[in-house]
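Novice: Just query-v7.cif, nothing more (mmCIF, C-alpha atoms):
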data_start
#
loop_
_atom_site.group_PDB
_atom_site.id
_atom_site.type_symbol
_atom_site.label_atom_id
_atom_site.label_comp_id
_atom_site.auth_asym_id
_atom_site.auth_seq_id
_atom_site.Cartn_x
_atom_site.Cartn_y
_atom_site.Cartn_z
ATOM 1 C CA MET A 1 0.000 0.000 0.000
ATOM 2 C CA LYS A 2 1.310 3.387 -1.072
ATOM 3 C CA PHE A 3 0.366 6.597 0.780
ATOM 4 C CA GLY A 4 -0.248 10.151 -0.398
ATOM 5 C CA ILE A 5 -0.324 12.988 2.119
ATOM 6 C CA VAL A 6 -2.125 16.176 1.096
ATOM 7 C CA VAL A 7 -0.384 19.342 2.278
ATOM 8 C CA PHE A 8 -2.570 22.425 2.729
ATOM 9 C CA PRO A 9 -1.351 25.861 3.776
ATOM 10 C CA GLY A 10 -1.544 25.544 7.552
ATOM 11 C CA SER A 11 -1.108 21.771 7.748
ATOM 12 C CA ASN A 12 1.329 21.030 10.558
ATOM 13 C CA CYS A 13 1.140 17.269 11.083
ATOM 14 C CA ASP A 14 2.019 16.383 7.490
ATOM 15 C CA ARG A 15 5.710 15.745 8.265
ATOM 16 C CA ASP A 16 4.873 13.729 11.393
ATOM 17 C CA MET A 17 2.571 11.594 9.268
ATOM 18 C CA GLN A 18 5.262 11.193 6.602
ATOM 19 C CA ASP A 19 7.827 10.197 9.241
ATOM 20 C CA ALA A 20 5.507 7.621 10.806
ATOM 21 C CA LEU A 21 4.544 6.046 7.467
ATOM 22 C CA GLN A 22 8.028 6.108 5.945
ATOM 23 C CA ASN A 23 10.315 5.419 8.871
ATOM 24 C CA ASP A 24 8.130 3.505 11.320
ATOM 25 C CA MET A 25 6.022 1.585 8.790
ATOM 26 C CA ASN A 26 8.408 1.429 5.794
ATOM 27 C CA LYS A 27 5.810 2.708 3.340
ATOM 28 C CA GLU A 28 6.241 4.621 0.127
ATOM 29 C CA VAL A 29 4.900 8.139 0.655
ATOM 30 C CA VAL A 30 4.123 10.876 -1.876
ATOM 31 C CA MET A 31 3.547 14.414 -0.594
ATOM 32 C CA LEU A 32 0.692 16.092 -2.493
ATOM 33 C CA TRP A 33 0.314 19.882 -2.709
ATOM 34 C CA HIS A 34 -3.307 20.982 -2.358
ATOM 35 C CA LYS A 35 -3.214 23.012 -5.585
ATOM 36 C CA ASP A 36 -2.307 19.981 -7.686
ATOM 37 C CA LYS A 37 -4.892 17.406 -8.548
ATOM 38 C CA ASP A 38 -3.089 14.449 -10.066
ATOM 39 C CA LEU A 39 -3.725 11.185 -8.212
ATOM 40 C CA SER A 40 -3.014 8.961 -11.222
ATOM 41 C CA MET A 41 -0.070 7.323 -9.448
ATOM 42 C CA PHE A 42 -2.461 5.806 -6.890
ATOM 43 C CA SER A 43 -4.709 2.773 -7.217
ATOM 44 C CA THR A 44 -7.743 2.114 -5.036
ATOM 45 C CA ASN A 45 -5.518 -0.178 -2.938
ATOM 46 C CA ASP A 46 -3.603 2.912 -1.841
ATOM 47 C CA CYS A 47 -4.439 5.492 0.789
ATOM 48 C CA ILE A 48 -4.651 9.273 0.744
ATOM 49 C CA VAL A 49 -4.120 10.937 4.120
ATOM 50 C CA LEU A 50 -5.450 14.358 5.120
ATOM 51 C CA PRO A 51 -3.152 15.392 7.974
ATOM 52 C CA GLY A 52 -3.781 17.471 11.064
ATOM 53 C CA GLY A 53 -3.148 21.171 11.406
ATOM 54 C CA PHE A 54 -4.998 24.399 10.762
ATOM 55 C CA SER A 55 -5.608 24.471 7.022
ATOM 56 C CA PHE A 56 -6.312 28.032 5.868
ATOM 57 C CA GLY A 57 -6.068 29.221 9.455
ATOM 58 C CA ASP A 58 -9.367 27.507 10.330
ATOM 59 C CA TYR A 59 -11.021 30.553 8.701
ATOM 60 C CA LEU A 60 -14.824 30.452 8.461
ATOM 61 C CA ARG A 61 -15.014 26.899 9.886
ATOM 62 C CA CYS A 62 -12.324 24.249 10.351
ATOM 63 C CA GLY A 63 -11.842 22.496 7.006
ATOM 64 C CA ALA A 64 -14.370 24.646 5.134
ATOM 65 C CA ILE A 65 -11.863 26.268 2.772
ATOM 66 C CA ALA A 66 -9.584 23.221 2.372
ATOM 67 C CA ARG A 67 -12.537 21.304 0.999
ATOM 68 C CA LEU A 68 -12.470 23.626 -2.040
ATOM 69 C CA SER A 69 -8.811 22.973 -2.964
ATOM 70 C CA PRO A 70 -8.298 21.307 -6.369
ATOM 71 C CA MET A 71 -6.679 18.253 -4.755
ATOM 72 C CA MET A 72 -9.778 17.709 -2.625
ATOM 73 C CA GLN A 73 -11.932 17.356 -5.745
ATOM 74 C CA SER A 74 -9.588 14.509 -6.775
ATOM 75 C CA VAL A 75 -9.675 13.003 -3.282
ATOM 76 C CA VAL A 76 -13.488 12.936 -3.374
ATOM 77 C CA GLU A 77 -13.384 11.149 -6.762
ATOM 78 C CA PHE A 78 -10.735 8.772 -5.420
ATOM 79 C CA ALA A 79 -12.897 7.957 -2.386
ATOM 80 C CA ASN A 80 -15.990 7.462 -4.522
ATOM 81 C CA LYS A 81 -14.043 4.930 -6.615
ATOM 82 C CA GLY A 82 -13.296 2.980 -3.433
ATOM 83 C CA GLY A 83 -9.813 4.347 -2.658
ATOM 84 C CA LYS A 84 -8.916 4.531 1.008
ATOM 85 C CA VAL A 85 -8.845 7.942 2.691
ATOM 86 C CA LEU A 86 -7.785 8.712 6.270
ATOM 87 C CA GLY A 87 -8.368 12.108 7.856
ATOM 88 C CA VAL A 88 -6.737 12.881 11.194
ATOM 89 C CA CYS A 89 -7.813 15.877 13.288
ATOM 90 C CA ASN A 90 -8.067 18.751 10.772
ATOM 91 C CA GLY A 91 -8.235 15.988 8.130
ATOM 92 C CA PHE A 92 -11.349 14.617 9.866
ATOM 93 C CA GLN A 93 -12.859 18.111 9.849
ATOM 94 C CA ILE A 94 -12.126 18.436 6.108
ATOM 95 C CA LEU A 95 -13.770 15.042 5.421
ATOM 96 C CA CYS A 96 -16.921 16.158 7.253
ATOM 97 C CA GLU A 97 -16.990 19.521 5.462
ATOM 98 C CA SER A 98 -16.543 17.808 2.102
ATOM 99 C CA GLY A 99 -19.435 15.444 2.780
ATOM 100 C CA LEU A 100 -17.305 12.272 2.615
ATOM 101 C CA LEU A 101 -18.246 11.665 6.247
ATOM 102 C CA PRO A 102 -21.488 12.678 8.001
ATOM 103 C CA GLY A 103 -21.692 15.194 10.833
ATOM 104 C CA ALA A 104 -19.482 18.076 11.880
ATOM 105 C CA LEU A 105 -16.826 18.985 14.452
ATOM 106 C CA LEU A 106 -17.683 21.865 16.783
ATOM 107 C CA PRO A 107 -15.548 23.835 19.248
ATOM 108 C CA ASN A 108 -14.692 21.763 22.323
ATOM 109 C CA GLY A 109 -17.410 21.957 24.954
ATOM 110 C CA ASN A 110 -15.126 23.497 27.566
ATOM 111 C CA GLN A 111 -13.798 26.186 25.182
ATOM 112 C CA GLN A 112 -10.221 24.942 25.642
ATOM 113 C CA PHE A 113 -7.634 23.519 23.305
ATOM 114 C CA VAL A 114 -6.981 19.997 24.576
ATOM 115 C CA CYS A 115 -3.545 18.399 24.139
ATOM 116 C CA LYS A 116 -2.963 15.137 26.037
ATOM 117 C CA ASN A 117 -3.022 11.356 25.853
ATOM 118 C CA ILE A 118 -6.492 9.821 25.878
ATOM 119 C CA HIS A 119 -7.765 6.262 25.493
ATOM 120 C CA LEU A 120 -9.814 4.871 22.650
ATOM 121 C CA LYS A 121 -11.900 1.747 22.321
ATOM 122 C CA ASN A 122 -12.756 0.076 19.014
ATOM 123 C CA ALA A 123 -15.726 -2.146 18.207
ATOM 124 C CA ALA A 124 -13.794 -5.277 19.194
ATOM 125 C CA GLY A 125 -13.092 -3.806 22.642
ATOM 126 C CA ASN A 126 -9.375 -3.166 22.101
ATOM 127 C CA ILE A 127 -7.992 -0.157 23.949
ATOM 128 C CA PHE A 128 -5.402 2.246 22.555
ATOM 129 C CA LYS A 129 -3.562 5.144 24.153
ATOM 130 C CA ILE A 130 -3.290 7.946 21.572
ATOM 131 C CA PRO A 131 -2.699 11.718 21.902
ATOM 132 C CA VAL A 132 -5.289 14.327 20.968
ATOM 133 C CA ALA A 133 -4.510 17.978 20.166
ATOM 134 C CA HIS A 134 -7.451 20.060 19.003
ATOM 135 C CA GLY A 135 -9.754 22.963 19.735
ATOM 136 C CA ASP A 136 -12.661 21.793 17.580
ATOM 137 C CA GLY A 137 -13.229 18.110 18.179
ATOM 138 C CA ARG A 138 -16.788 17.934 19.494
ATOM 139 C CA TYR A 139 -18.373 15.472 17.099
ATOM 140 C CA PHE A 140 -21.947 16.411 16.311
ATOM 141 C CA ALA A 141 -24.639 14.945 14.089
ATOM 142 C CA GLU A 142 -28.410 14.601 14.291
ATOM 143 C CA GLU A 143 -29.709 11.815 16.537
ATOM 144 C CA LYS A 144 -30.876 9.741 13.588
ATOM 145 C CA VAL A 145 -27.429 10.019 11.960
ATOM 146 C CA LEU A 146 -25.793 8.927 15.229
ATOM 147 C CA ASP A 147 -28.165 5.940 15.437
ATOM 148 C CA GLU A 148 -27.337 5.040 11.869
ATOM 149 C CA LEU A 149 -23.587 5.275 12.523
ATOM 150 C CA GLU A 150 -23.866 2.989 15.526
ATOM 151 C CA ASN A 151 -26.258 0.517 13.890
ATOM 152 C CA ASN A 152 -23.956 0.197 10.862
ATOM 153 C CA SER A 153 -20.846 -0.174 13.050
ATOM 154 C CA GLN A 154 -19.435 3.010 11.539
ATOM 155 C CA VAL A 155 -18.127 4.380 14.815
ATOM 156 C CA ILE A 156 -14.516 3.196 14.799
ATOM 157 C CA TYR A 157 -13.389 4.736 18.109
ATOM 158 C CA TYR A 158 -14.999 5.900 21.341
ATOM 159 C CA TYR A 159 -13.240 7.916 24.048
ATOM 160 C CA CYS A 160 -12.823 5.771 27.168
ATOM 161 C CA ASP A 161 -10.552 5.295 30.183
ATOM 162 C CA ASP A 162 -7.571 2.923 30.342
ATOM 163 C CA LYS A 163 -9.933 0.087 31.286
ATOM 164 C CA GLY A 164 -12.217 0.706 28.301
ATOM 165 C CA ASN A 165 -15.090 2.377 30.176
ATOM 166 C CA VAL A 166 -16.853 4.708 27.752
ATOM 167 C CA ASP A 167 -18.085 7.607 29.860
ATOM 168 C CA LYS A 168 -18.493 11.375 29.631
ATOM 169 C CA ALA A 169 -15.720 11.754 32.194
ATOM 170 C CA PHE A 170 -13.169 10.540 29.632
ATOM 171 C CA ASN A 171 -14.504 12.611 26.742
ATOM 172 C CA PRO A 172 -12.040 15.472 26.087
ATOM 173 C CA ASN A 173 -14.341 17.666 23.988
ATOM 174 C CA HIS A 174 -18.013 16.784 24.751
ATOM 175 C CA ALA A 175 -18.340 14.790 21.507
ATOM 176 C CA LEU A 176 -21.804 13.248 21.235
ATOM 177 C CA ARG A 177 -21.849 9.615 22.402
ATOM 178 C CA ASN A 178 -18.085 9.857 23.087
ATOM 179 C CA ILE A 179 -17.368 9.490 19.371
ATOM 180 C CA ALA A 180 -13.679 9.949 18.494
ATOM 181 C CA GLY A 181 -13.656 8.494 14.987
ATOM 182 C CA ILE A 182 -16.004 7.213 12.299
ATOM 183 C CA LYS A 183 -15.917 5.625 8.860
ATOM 184 C CA ASN A 184 -18.268 5.915 5.899
ATOM 185 C CA LYS A 185 -20.842 3.280 5.039
ATOM 186 C CA GLN A 186 -18.611 1.714 2.381
ATOM 187 C CA GLY A 187 -15.785 1.420 4.905
ATOM 188 C CA ASN A 188 -13.060 3.117 2.852
ATOM 189 C CA VAL A 189 -13.072 6.637 4.357
ATOM 190 C CA PHE A 190 -11.911 7.059 7.965
ATOM 191 C CA GLY A 191 -11.875 10.167 10.149
ATOM 192 C CA MET A 192 -10.576 10.501 13.701
ATOM 193 C CA MET A 193 -9.596 13.346 16.021
ATOM 194 C CA PRO A 194 -6.701 11.541 17.843
ATOM 195 C CA HIS A 195 -3.247 11.415 16.233
ATOM 196 C CA PRO A 196 -1.976 7.851 15.618
ATOM 197 C CA GLU A 197 1.076 9.254 13.781
ATOM 198 C CA ARG A 198 2.259 10.816 17.052
ATOM 199 C CA ALA A 199 2.363 7.410 18.716
ATOM 200 C CA ALA A 200 4.072 5.289 16.078
ATOM 201 C CA SER A 201 7.691 5.111 17.230
ATOM 202 C CA PRO A 202 9.366 3.358 20.197
ATOM 203 C CA ALA A 203 11.460 6.527 20.538
ATOM 204 C CA LEU A 204 8.259 8.364 21.509
ATOM 205 C CA GLY A 205 7.389 5.797 24.161
ATOM 206 C CA ASN A 206 4.135 4.703 22.533
ATOM 207 C CA THR A 207 3.465 2.554 19.470
ATOM 208 C CA ASP A 208 -0.296 2.175 19.807
ATOM 209 C CA GLY A 209 -0.597 4.351 16.694
ATOM 210 C CA LEU A 210 0.882 1.515 14.618
ATOM 211 C CA LYS A 211 -1.908 -0.747 15.854
ATOM 212 C CA ILE A 212 -4.447 1.841 14.685
ATOM 213 C CA PHE A 213 -3.067 1.917 11.136
ATOM 214 C CA LYS A 214 -2.978 -1.876 11.123
ATOM 215 C CA GLU A 215 -6.487 -2.470 12.356
ATOM 216 C CA LEU A 216 -7.918 0.079 9.922
ATOM 217 C CA GLY A 217 -6.245 -1.933 7.156
ATOM 218 C CA LEU A 218 -3.886 0.932 6.342
ATOM 219 C CA ASN A 219 -0.586 -0.920 6.357
ATOM 220 C CA MET B 1 -26.483 47.172 -9.940
ATOM 221 C CA THR B 2 -24.551 46.468 -6.783
ATOM 222 C CA TYR B 3 -26.485 45.098 -3.847
ATOM 223 C CA ASN B 4 -25.292 45.108 -0.255
ATOM 224 C CA VAL B 5 -26.169 41.958 1.556
ATOM 225 C CA GLN B 6 -25.762 41.208 5.239
ATOM 226 C CA ILE B 7 -25.670 37.637 6.402
ATOM 227 C CA LYS B 8 -26.008 36.341 9.929
ATOM 228 C CA VAL B 9 -24.689 32.842 10.639
ATOM 229 C CA MET B 10 -25.468 31.298 14.032
ATOM 230 C CA LEU B 11 -24.980 27.895 15.631
ATOM 231 C CA LEU B 12 -28.242 25.920 15.664
ATOM 232 C CA LYS B 13 -30.338 26.867 18.682
ATOM 233 C CA ASP B 14 -30.074 23.445 20.355
ATOM 234 C CA LEU B 15 -26.283 23.393 20.209
ATOM 235 C CA LEU B 16 -24.062 24.361 23.116
ATOM 236 C CA ASP B 17 -22.113 27.534 22.272
ATOM 237 C CA PRO B 18 -19.070 27.429 24.577
ATOM 238 C CA GLN B 19 -17.863 30.851 23.413
ATOM 239 C CA GLY B 20 -21.224 32.354 24.350
ATOM 240 C CA LYS B 21 -21.096 30.619 27.729
ATOM 241 C CA ALA B 22 -17.634 32.054 28.449
ATOM 242 C CA VAL B 23 -18.751 35.562 27.491
ATOM 243 C CA GLN B 24 -21.876 35.196 29.617
ATOM 244 C CA ALA B 25 -19.661 34.337 32.603
ATOM 245 C CA GLY B 26 -17.573 37.436 31.839
ATOM 246 C CA LEU B 27 -20.642 39.664 31.760
ATOM 247 C CA LYS B 28 -21.724 38.250 35.091
ATOM 248 C CA ASN B 29 -18.259 38.983 36.528
ATOM 249 C CA LEU B 30 -18.715 42.585 35.385
ATOM 250 C CA GLY B 31 -21.758 42.748 37.585
ATOM 251 C CA LEU B 32 -24.202 42.829 34.675
ATOM 252 C CA ASN B 33 -26.971 40.656 36.019
ATOM 253 C CA GLY B 34 -30.037 39.280 34.307
ATOM 254 C CA ILE B 35 -28.299 38.289 31.077
ATOM 255 C CA ASN B 36 -29.336 34.668 30.949
ATOM 256 C CA ASP B 37 -28.097 33.635 27.539
ATOM 257 C CA VAL B 38 -25.299 34.698 25.187
ATOM 258 C CA ARG B 39 -24.730 33.203 21.756
ATOM 259 C CA ILE B 40 -22.069 34.302 19.316
ATOM 260 C CA GLY B 41 -22.219 33.967 15.555
ATOM 261 C CA LYS B 42 -20.780 35.489 12.418
ATOM 262 C CA HIS B 43 -21.796 38.569 10.523
ATOM 263 C CA ILE B 44 -20.787 38.514 6.859
ATOM 264 C CA THR B 45 -21.311 41.339 4.375
ATOM 265 C CA LEU B 46 -21.301 40.796 0.624
ATOM 266 C CA GLN B 47 -21.427 43.179 -2.314
ATOM 267 C CA ILE B 48 -23.110 41.474 -5.221
ATOM 268 C CA ASP B 49 -23.467 42.706 -8.789
ATOM 269 C CA ALA B 50 -26.799 41.475 -10.099
ATOM 270 C CA ASP B 51 -29.689 42.488 -12.352
ATOM 271 C CA SER B 52 -32.284 42.478 -9.602
ATOM 272 C CA GLU B 53 -32.645 42.254 -5.870
ATOM 273 C CA GLU B 54 -34.087 38.755 -6.261
ATOM 274 C CA ALA B 55 -31.051 37.652 -8.244
ATOM 275 C CA ALA B 56 -28.700 39.140 -5.638
ATOM 276 C CA LYS B 57 -30.570 37.418 -2.863
ATOM 277 C CA ALA B 58 -30.475 34.133 -4.746
ATOM 278 C CA ALA B 59 -26.706 34.490 -5.185
ATOM 279 C CA ALA B 60 -26.288 35.183 -1.469
ATOM 280 C CA ASP B 61 -28.446 32.183 -0.635
ATOM 281 C CA GLU B 62 -26.326 29.947 -2.845
ATOM 282 C CA ALA B 63 -23.154 31.290 -1.196
ATOM 283 C CA CYS B 64 -24.607 30.452 2.227
ATOM 284 C CA LYS B 65 -25.686 26.984 1.195
ATOM 285 C CA LYS B 66 -22.408 26.091 -0.499
ATOM 286 C CA LEU B 67 -19.857 27.655 1.826
ATOM 287 C CA LEU B 68 -20.749 30.373 4.321
ATOM 288 C CA ALA B 69 -22.926 28.204 6.571
ATOM 289 C CA ASN B 70 -22.804 24.499 7.345
ATOM 290 C CA PRO B 71 -26.401 23.286 7.707
ATOM 291 C CA VAL B 72 -25.297 20.413 9.943
ATOM 292 C CA MET B 73 -24.502 22.915 12.691
ATOM 293 C CA GLU B 74 -25.577 26.402 11.621
ATOM 294 C CA PHE B 75 -28.486 28.413 10.294
ATOM 295 C CA TYR B 76 -28.341 31.719 8.446
ATOM 296 C CA GLU B 77 -30.437 34.801 7.733
ATOM 297 C CA ILE B 78 -29.998 37.090 4.755
ATOM 298 C CA GLU B 79 -30.806 40.798 4.869
ATOM 299 C CA MET B 80 -30.756 43.067 1.803
ATOM 300 C CA VAL B 81 -29.722 46.565 2.868
ATOM 301 C CA ASN B 82 -30.167 48.830 -0.145
#
Once more with this new file: its structure as structure tokens, please.
Specialist:
Amino acid sequence: MKFGIVVFPGSNCDRDMQDALQNDMNKEVVMLWHKDKDLSMFSTNDCIVLPGGFSFGDYLRCGAIARLSPMMQSVVEFANKGGKVLGVCNGFQILCESGLLPGALLPNGNQQFVCKNIHLKNAAGNIFKIPVAHGDGRYFAEEKVLDELENNSQVIYYYCDDKGNVDKAFNPNHALRNIAGIKNKQGNVFGMMPHPERAASPALGNTDGLKIFKELGLN
Amino acid sequence: MTYNVQIKVMLLKDLLDPQGKAVQAGLKNLGLNGINDVRIGKHITLQIDADSEEAAKAAADEACKKLLANPVMEFYEIEMVN
């Protein structure tokens, strides 16, 4: 699997993502400037990553302007053909704004930027320790959309404690139903607020991020 | 003709507005009592060249729908000022 990382003005986790994929996972990585639109070097077995950061200064709404970049038009086509797309943090916000994922990400409930390790639980009950760093991570969607996400097993990660208890107390941003990450119905587009690329190297004292890439089938 | 359009974008009424809550707490600290809700939104002004007021309003509406407001979390109101 080959990876492409889209770089927007204001992206700041693009190099971390590149380092994790190239050096910790031994993957071929192509950096993609947002003004280009050529994805012809990728097949649907490959993955395009939208990294974290503050694309276009978070002007208007997080991800609202990045969605309009030429490369994003190609990413939407790529996703609709079945190609894999992962959005982390600002990348998740861009995926929601572009309509590839349902819902939206609102300012954190406590009006604070949150930067710390949190725990995540997947559908199988596995627990991961992964850092978050965001000001707008409060996942929101209408009740019926939330029901649909849960009924279709589209919620990939819930915020929890180190024992796997999903509770408001361990929710860093007041996200509805403790949702930290979701995928689309087809299962090829993933969005999550936590940063697996920041926990992918033994040198950083945490390699749970590698498990995330693996269990999402992005390895 | 050029039309001046004012657009108000607000978070949906049911949604918690943490910025508004923080400002409300500030107002209370100032000793301004009785203010029981504060919500903060965006005010956007556009100048639109169009043949008629209806056309200008339609253009503003399209701008809101496609970019200026996100219907998942916001609503908007358009006011023509000339």
Novice: Could you spell out the hits of the PyMOL selection byres ((chain A and resi 195) around 9) on the shown file, as a PDB file with C-alpha atoms, in the frame of the given file?
Specialist:
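Dumped to part-v3.pdb:
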ATOM      1  CA  CYS A  13       1.140  17.269  11.083  1.00  0.00           C
ATOM      2  CA  GLY A  52      -3.781  17.471  11.064  1.00  0.00           C
ATOM      3  CA  VAL A  88      -6.737  12.881  11.194  1.00  0.00           C
ATOM      4  CA  CYS A  89      -7.813  15.877  13.288  1.00  0.00           C
ATOM      5  CA  ILE A 130      -3.290   7.946  21.572  1.00  0.00           C
ATOM      6  CA  PRO A 131      -2.699  11.718  21.902  1.00  0.00           C
ATOM      7  CA  VAL A 132      -5.289  14.327  20.968  1.00  0.00           C
ATOM      8  CA  ALA A 133      -4.510  17.978  20.166  1.00  0.00           C
ATOM      9  CA  MET A 192     -10.576  10.501  13.701  1.00  0.00           C
ATOM     10  CA  MET A 193      -9.596  13.346  16.021  1.00  0.00           C
ATOM     11  CA  PRO A 194      -6.701  11.541  17.843  1.00  0.00           C
ATOM     12  CA  PRO A 196      -1.976   7.851  15.618  1.00  0.00           C
ATOM     13  CA  GLU A 197       1.076   9.254  13.781  1.00  0.00           C
ATOM     14  CA  ARG A 198       2.259  10.816  17.052  1.00  0.00           C
ATOM     15  CA  ALA A 199       2.363   7.410  18.716  1.00  0.00           C
ATOM     16  CA  GLY A 209      -0.597   4.351  16.694  1.00  0.00           C
TER      17      GLY A 209
END
Novice: What are the residues of chain A lining chain B at 8 Å or less? Count all atoms listed in the file, and put the answer as a PyMOL selection string.
Specialist: chain A and resi 60+64+97+103-104+107-111+140-142
Novice: Which is closer to Asn82 of chain B than all the others in B:Asn4, B:Ser52, B:Gln24, B:Asn36, using all atoms listed in the file?
Specialist: B:Asn4
Novice: Return as an NGL selection string the set of residues that the PyMOL selection byres ((chain A and resi 78) around 10) yields on the displayed structure.
Specialist: :A and (39-40 or 42-44 or 46-48 or 72-77 or 79-85)
Novice: Go through A:Asp24, A:Asp14, A:Asp136, A:Asp58 and flag the residue nearest Leu105 of chain A, using all atoms listed in the file for the distances.
Specialist: A:Asp136
Novice: In Å, how far is it from atom CA of Asn122 of chain A to atom CA of Asp16 of chain A?
Specialist: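 Atom-to-atom, atom CA of Asn122 of chain A to atom CA of Asp16 of chain A, that is 23.6 Å.
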Novice: Which residues, protein or nucleic acid, reach to within 10 Å of (-20.5, 43.9, -6.4) in the file's coordinates when using all atoms listed in the file, and can you give that as number ranges by chain?
Specialist: B: 1-5, 46-50, 56
Novice: Put a box with edges along x, y and z around all the listed atoms of segment 21-36 of chain B, pad it by 4 Å on each side, then give me its centre and sizes in Å, one decimal, as AutoDock Vina command-line options.
Specialist:
--center_x -23.8 --center_y 36.7 --center_z 32.5 --size_x 20.5 --size_y 20.2 --size_z 18.1
Novice: Could you check which of A:Asn152, A:Phe190, A:Ile182, A:Leu106 is closest to Glu74 of chain B, using all atoms listed in the file?
Specialist: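 Counting all atoms listed in the file, the residue closest to Glu74 of chain B is A:Leu106.
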Novice: Take segment 151-170 of chain A from the preceding structure and save N, CA and C atoms as a PDB file, in the first residue's frame.
Specialist:
ATOM      1  N   ASN A 151     -25.635   1.753  14.394  1.00  0.00           N
ATOM      2  CA  ASN A 151     -26.258   0.517  13.890  1.00  0.00           C
ATOM      3  C   ASN A 151     -25.451  -0.112  12.766  1.00  0.00           C
ATOM      4  N   ASN A 152     -24.766   0.728  11.975  1.00  0.00           N
ATOM      5  CA  ASN A 152     -23.956   0.197  10.862  1.00  0.00           C
ATOM      6  C   ASN A 152     -22.511  -0.068  11.273  1.00  0.00           C
ATOM      7  N   SER A 153     -22.229   0.003  12.560  1.00  0.00           N
ATOM      8  CA  SER A 153     -20.846  -0.174  13.050  1.00  0.00           C
ATOM      9  C   SER A 153     -19.872   0.780  12.380  1.00  0.00           C
ATOM     10  N   GLN A 154     -20.317   2.025  12.173  1.00  0.00           N
ATOM     11  CA  GLN A 154     -19.435   3.010  11.539  1.00  0.00           C
ATOM     12  C   GLN A 154     -18.634   3.839  12.548  1.00  0.00           C
ATOM     13  N   VAL A 155     -18.953   3.685  13.820  1.00  0.00           N
ATOM     14  CA  VAL A 155     -18.127   4.380  14.815  1.00  0.00           C
ATOM     15  C   VAL A 155     -16.888   3.515  15.035  1.00  0.00           C
ATOM     16  N   ILE A 156     -15.722   4.034  14.669  1.00  0.00           N
ATOM     17  CA  ILE A 156     -14.516   3.196  14.799  1.00  0.00           C
ATOM     18  C   ILE A 156     -13.862   3.361  16.166  1.00  0.00           C
ATOM     19  N   TYR A 157     -13.994   4.551  16.782  1.00  0.00           N
ATOM     20  CA  TYR A 157     -13.389   4.736  18.109  1.00  0.00           C
ATOM     21  C   TYR A 157     -14.276   5.583  19.019  1.00  0.00           C
ATOM     22  N   TYR A 158     -14.345   5.134  20.277  1.00  0.00           N
ATOM     23  CA  TYR A 158     -14.999   5.900  21.341  1.00  0.00           C
ATOM     24  C   TYR A 158     -13.931   6.333  22.339  1.00  0.00           C
ATOM     25  N   TYR A 159     -14.100   7.505  22.939  1.00  0.00           N
ATOM     26  CA  TYR A 159     -13.240   7.916  24.048  1.00  0.00           C
ATOM     27  C   TYR A 159     -13.600   7.074  25.268  1.00  0.00           C
ATOM     28  N   CYS A 160     -12.576   6.606  25.991  1.00  0.00           N
ATOM     29  CA  CYS A 160     -12.823   5.771  27.168  1.00  0.00           C
ATOM     30  C   CYS A 160     -11.676   5.980  28.164  1.00  0.00           C
ATOM     31  N   ASP A 161     -11.697   5.235  29.273  1.00  0.00           N
ATOM     32  CA  ASP A 161     -10.552   5.295  30.183  1.00  0.00           C
ATOM     33  C   ASP A 161      -9.617   4.122  29.886  1.00  0.00           C
ATOM     34  N   ASP A 162      -8.564   3.964  30.662  1.00  0.00           N
ATOM     35  CA  ASP A 162      -7.571   2.923  30.342  1.00  0.00           C
ATOM     36  C   ASP A 162      -8.117   1.514  30.516  1.00  0.00           C
ATOM     37  N   LYS A 163      -9.310   1.411  31.138  1.00  0.00           N
ATOM     38  CA  LYS A 163      -9.933   0.087  31.286  1.00  0.00           C
ATOM     39  C   LYS A 163     -10.976  -0.157  30.187  1.00  0.00           C
ATOM     40  N   GLY A 164     -11.233   0.876  29.379  1.00  0.00           N
ATOM     41  CA  GLY A 164     -12.217   0.706  28.301  1.00  0.00           C
ATOM     42  C   GLY A 164     -13.620   1.168  28.664  1.00  0.00           C
ATOM     43  N   ASN A 165     -13.766   1.856  29.813  1.00  0.00           N
ATOM     44  CA  ASN A 165     -15.090   2.377  30.176  1.00  0.00           C
ATOM     45  C   ASN A 165     -15.398   3.627  29.363  1.00  0.00           C
ATOM     46  N   VAL A 166     -16.453   3.556  28.554  1.00  0.00           N
ATOM     47  CA  VAL A 166     -16.853   4.708  27.752  1.00  0.00           C
ATOM     48  C   VAL A 166     -17.775   5.572  28.600  1.00  0.00           C
ATOM     49  N   ASP A 167     -17.294   6.741  28.991  1.00  0.00           N
ATOM     50  CA  ASP A 167     -18.085   7.607  29.860  1.00  0.00           C
ATOM     51  C   ASP A 167     -17.734   9.062  29.576  1.00  0.00           C
ATOM     52  N   LYS A 168     -18.702   9.931  29.848  1.00  0.00           N
ATOM     53  CA  LYS A 168     -18.493  11.375  29.631  1.00  0.00           C
ATOM     54  C   LYS A 168     -17.224  11.891  30.300  1.00  0.00           C
ATOM     55  N   ALA A 169     -16.884  11.298  31.428  1.00  0.00           N
ATOM     56  CA  ALA A 169     -15.720  11.754  32.194  1.00  0.00           C
ATOM     57  C   ALA A 169     -14.419  11.633  31.400  1.00  0.00           C
ATOM     58  N   PHE A 170     -14.401  10.764  30.388  1.00  0.00           N
ATOM     59  CA  PHE A 170     -13.169  10.540  29.632  1.00  0.00           C
ATOM     60  C   PHE A 170     -13.258  11.122  28.226  1.00  0.00           C
TER      61      PHE A 170
END
